[in-house]
Every structure is written in structure tokens, then in C-alpha cells.
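Report on one structure; see the data block that follows.
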Amino acid sequence: MINICFMGNPKFALQTLDILYRDENINLKLVVSGKDKKRSRNKFSPTPVKKYAEDNGIRVETPDSVNTEEFLDLLKDLEIDYIVVVAFGQLIKKIILDGFKDRIINLHPSLLPLYRGASPMQFTLLNGDKKTAATVMLIEKGMDSGDILIQREMDVDPSDDYFDLEDKLGKIGAEAIRDAILNFDEVYENRLDQDDEKATYCTKIDKEMGKIDWNKSSREILDQIRALVGFPVAYFDYKGENVKVHKASLADKKGQAGEILAANKKDKLIIGTSDGSIRIEKIQFPGKKAMDTTSFLLGNDVEVGFVLENE
């Protein structure tokens, strides 16, 4: 049996955690995750990874830092063979890197060396990329710069949004992580250096990145909407209200950038861009739930001809 310590926090990590837990050749001895946080209605709740571990009777720890002698001793006491890291949030430092040299395996959802950093899936979509990958790599002191063990590419569909990419890459990545563990000697022998000269980096996503600039092209705006549907959700100002856009598609009407060209149950809500227009398929006004735009327009009016502000 191969003894594993799994480190992770969000939903994206669950498919990897699940596939490792269910494999008969792997013994998932320890899960490490973040502390419980206030998430809704001021109630504390665990990370998705911690909840999975608790539901399945797996030992779970939530240390302030994994980079201590005490934690290293715990890993050694449990006879851990490999540490698997998926969207964990803590930086793995020298004490653990040295203690588990070339035995800390990370899943990074990009075609490395592209999009090193915190938000690779969002930037893949923001930039309208046609391909991405689930990359299994060794962790070293640099940011997402370790040797590549397995890299499995996939096409990005023009309709894919962040949640679609999260699910698809989560599945591909989970299988790749399992395969890397079960065939570690072989994949390690054939590992590939990353070309640092080709590396690109992505920043954290912030709320201001969600504001729509109608002077951009239809494709750029659609890419923004699908990239940021998880957070912060793309939005525009309509008469002093921030309106969130959860889903949109290309439309064929022409008009001024930012002009509301149609607002009815057939056309839904169509807004002009620099080179055409987009149709808002799913919308959310302040204080309301996100809903299909047709349903929203049955009980609410939007002024056709009104021109939305631009940057």
C-alpha cells in the first residue's frame, strides 16, 4: 500500500481526493485542510475537503502551518510516502521540501509553464485559449516551477465557463495524479523540466476585474463572463444598480457600445459591444436570485435604447 497525505481546500480538489480514497492500492492516511470559516448566515463550516474527510472517517488536521518540525514528525510517524497538494493555499517551505524531496506532487490546472499562479483556469478563459491541461508536477521552492510528471491536454469549448473547466480539469487531473502515484518511478524517470523562458503568470482575481467594458469586443466580454462566473461574476451598472451576468451568448444586432438593443422574452436582453452585441441569458439584479433573463423580463422592465456607462 502507498501511504498518502492529501492537502487541499476547495471543491476543485474533491475529485482527486475521492479517486485516491477509493483506490485499493492507496492508503489515504491523512488529510490536511484549512480551518472552518464563516461562510453563510454567520455559521462556521468546513472546507469541502475537510467535510469529505470527516464524512468518510479519514483523519484530518487543520494546522496553522504545515511548515513545522511537529508536522514533519507527524508525517514520518504515519510513514507517508507521498504528499499530494491540490489548491491548498499554504506555501510548502524548506522544512517539508527537504523532508519529502521529490515526493510532493501537485495538480496545477494549466498548460504549464503557462499561467503559473493562483487563478490559471480564469486566465485560460479570459484570454480565450483553445487548449488547456491538467499538469501533475513536483513541488519545489519556486512558484509552480517544478518538473512535470504528467501533462494531459484538453480542448476548451467556446461555451465552457469556469465551472465547466473546474469539473473537466478536476476529473482529468484526478486520474493523472492517481496514475503518477501508482507509476511514480516511471513518470519520475521521464519527468520534464519546465522552460522558464516560456512561463507566464496570473494574478489573483479581484472584484474590479468583473466590471464589463462595453467598448471591448463581443468575444472579449463573453470570455470575461465565463471566466468570472464563480467570482466575482461579471457585472455592469444599470441606473445605479450593479447587475451581474452569469451567462451570455453572441447576438447579431448592431448598435452603439453599451446600448440596450432589445429587452423582451424572445430576444432576452441584448446589449451592444464594439463589434456587435451579446445576449444576456442569465441575470441577477441586487437583492434577487440569479435567473433566466426571460423569466426576469416577465416581471421587470429594462429600458431599450438606454446606453450603459463604459470605462
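Going by the C-alpha cells order, chains are called A, B, ..., each with residues numbered from 1, while ligands are numbered from 1 in the order shown.
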
Based on the backbone DSSP call, show me all residues of range 31-209 of chain A assigned strand (DSSP E), as a count of residues only. 41

May I have all residues of range 64-176 of chain A that DSSP, computed from the backbone, assigns to alpha helix (DSSP H), given as a count of residues only? 37

Expressed in Å to a single decimal, how great is the separation between CA of Ala290 in chain A and CA of Val243 in chain A?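 About the pair CA of Ala290 in chain A and CA of Val243 in chain A: they are 10.0 Å apart.
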
Sort by chain and increasing residue number a table of all residues of range 209-247 of chain A within 6 Å of range 273-281 of chain A, each with its closest pair of atoms and their distance in Å to one decimal, counting only C-alpha atoms, and write it as JSON lines.
{"residue": "A:Trp214", "atom": "CA", "partner": "A:Thr273", "partner_atom": "CA", "distance": 5.0}
{"residue": "A:Asn215", "atom": "CA", "partner": "A:Ser274", "partner_atom": "CA", "distance": 4.8}
{"residue": "A:Lys216", "atom": "CA", "partner": "A:Ser274", "partner_atom": "CA", "distance": 5.5}
{"residue": "A:Ser217", "atom": "CA", "partner": "A:Ser274", "partner_atom": "CA", "distance": 5.1}
{"residue": "A:Ser218", "atom": "CA", "partner": "A:Thr273", "partner_atom": "CA", "distance": 5.8}
{"residue": "A:Lys247", "atom": "CA", "partner": "A:Glu281", "partner_atom": "CA", "distance": 5.2}

Could you please take those selected residues and save all heavy atoms as a PDB file, in the first residue's frame?
ATOM      1  N   TRP A 214     -18.042  47.857 -22.251  1.00  0.00           N
ATOM      2  CA  TRP A 214     -18.781  47.574 -23.489  1.00  0.00           C
ATOM      3  C   TRP A 214     -18.031  48.011 -24.738  1.00  0.00           C
ATOM      4  O   TRP A 214     -18.444  47.690 -25.855  1.00  0.00           O
ATOM      5  CB  TRP A 214     -20.170  48.213 -23.424  1.00  0.00           C
ATOM      6  CG  TRP A 214     -20.970  47.657 -22.287  1.00  0.00           C
ATOM      7  CD1 TRP A 214     -21.231  48.252 -21.101  1.00  0.00           C
ATOM      8  CD2 TRP A 214     -21.575  46.365 -22.227  1.00  0.00           C
ATOM      9  NE1 TRP A 214     -21.969  47.409 -20.289  1.00  0.00           N
ATOM     10  CE2 TRP A 214     -22.196  46.250 -20.960  1.00  0.00           C
ATOM     11  CE3 TRP A 214     -21.657  45.288 -23.112  1.00  0.00           C
ATOM     12  CZ2 TRP A 214     -22.875  45.101 -20.555  1.00  0.00           C
ATOM     13  CZ3 TRP A 214     -22.345  44.144 -22.719  1.00  0.00           C
ATOM     14  CH2 TRP A 214     -22.943  44.060 -21.458  1.00  0.00           C
ATOM     15  N   ASN A 215     -16.919  48.739 -24.569  1.00  0.00           N
ATOM     16  CA  ASN A 215     -16.086  49.099 -25.716  1.00  0.00           C
ATOM     17  C   ASN A 215     -15.208  47.946 -26.184  1.00  0.00           C
ATOM     18  O   ASN A 215     -14.545  48.057 -27.212  1.00  0.00           O
ATOM     19  CB  ASN A 215     -15.193  50.301 -25.365  1.00  0.00           C
ATOM     20  CG  ASN A 215     -15.985  51.591 -25.286  1.00  0.00           C
ATOM     21  OD1 ASN A 215     -16.785  51.881 -26.171  1.00  0.00           O
ATOM     22  ND2 ASN A 215     -15.774  52.362 -24.226  1.00  0.00           N
ATOM     23  N   LYS A 216     -15.196  46.866 -25.426  1.00  0.00           N
ATOM     24  CA  LYS A 216     -14.463  45.679 -25.849  1.00  0.00           C
ATOM     25  C   LYS A 216     -15.293  44.884 -26.858  1.00  0.00           C
ATOM     26  O   LYS A 216     -16.497  45.116 -27.034  1.00  0.00           O
ATOM     27  CB  LYS A 216     -14.118  44.814 -24.639  1.00  0.00           C
ATOM     28  CG  LYS A 216     -13.084  45.436 -23.720  1.00  0.00           C
ATOM     29  CD  LYS A 216     -12.702  44.485 -22.587  1.00  0.00           C
ATOM     30  CE  LYS A 216     -11.601  45.077 -21.725  1.00  0.00           C
ATOM     31  NZ  LYS A 216     -11.196  44.155 -20.626  1.00  0.00           N
ATOM     32  N   SER A 217     -14.662  43.899 -27.484  1.00  0.00           N
ATOM     33  CA  SER A 217     -15.364  43.071 -28.468  1.00  0.00           C
ATOM     34  C   SER A 217     -16.326  42.115 -27.776  1.00  0.00           C
ATOM     35  O   SER A 217     -16.204  41.836 -26.575  1.00  0.00           O
ATOM     36  CB  SER A 217     -14.362  42.270 -29.299  1.00  0.00           C
ATOM     37  OG  SER A 217     -13.757  41.262 -28.499  1.00  0.00           O
ATOM     38  N   SER A 218     -17.264  41.606 -28.539  1.00  0.00           N
ATOM     39  CA  SER A 218     -18.230  40.636 -28.001  1.00  0.00           C
ATOM     40  C   SER A 218     -17.515  39.421 -27.433  1.00  0.00           C
ATOM     41  O   SER A 218     -17.857  38.926 -26.355  1.00  0.00           O
ATOM     42  CB  SER A 218     -19.209  40.198 -29.095  1.00  0.00           C
ATOM     43  OG  SER A 218     -19.972  41.281 -29.556  1.00  0.00           O
ATOM     44  N   LYS A 247     -24.499  34.317 -17.500  1.00  0.00           N
ATOM     45  CA  LYS A 247     -24.368  33.581 -18.760  1.00  0.00           C
ATOM     46  C   LYS A 247     -24.780  34.489 -19.906  1.00  0.00           C
ATOM     47  O   LYS A 247     -25.718  35.280 -19.779  1.00  0.00           O
ATOM     48  CB  LYS A 247     -25.248  32.323 -18.743  1.00  0.00           C
ATOM     49  CG  LYS A 247     -25.061  31.407 -19.951  1.00  0.00           C
ATOM     50  CD  LYS A 247     -25.919  30.146 -19.817  1.00  0.00           C
ATOM     51  CE  LYS A 247     -25.716  29.223 -21.001  1.00  0.00           C
ATOM     52  NZ  LYS A 247     -26.558  27.998 -20.895  1.00  0.00           N
TER      53      LYS A 247
END

Between A:Asp18, A:Asp36, A:Asp147, A:Asp252, which one has atoms that come closest to Pro113 in chain A, using only C-alpha atoms? A:Asp147

I'd like the contact shell of Tyr115 in chain A - 8 Å cut-off, only C-alpha atoms, skipping same-chain residues fewer than 6 positions apart - returned as an MDAnalysis selection string. chainID A and resid 123:124 199:202

Rank nothing, just name the residue among A:Met137, A:Glu166, A:Leu111, A:Gly210 nearest to Glu153 in chain A, using only C-alpha atoms.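 Nearest to Glu153 in chain A: A:Leu111.
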
Pick out the residues sitting within 8 Å of range 45-47 of chain A, and hand them over as a VMD selection string; count only C-alpha atoms, and ignore anything fewer than 3 positions along from it in its own chain. chain A and resid 9 to 10 33 to 39 50 to 51

Taking only C-alpha atoms into account, name the residue in A:Thr135, A:Asn106, A:Asn127, A:Asn27 that is nearest to Ile58 in chain A. A:Asn27

Would you kindly return, as a ChimeraX atom specification, each protein, DNA or RNA residue with an atom no farther than 12 Å from any atom of range 140-142 of chain A, considering only C-alpha atoms and excluding same-chain residues fewer than 2 positions away? /A:91-98,100-106,116-117,137-138,144-148,194,196
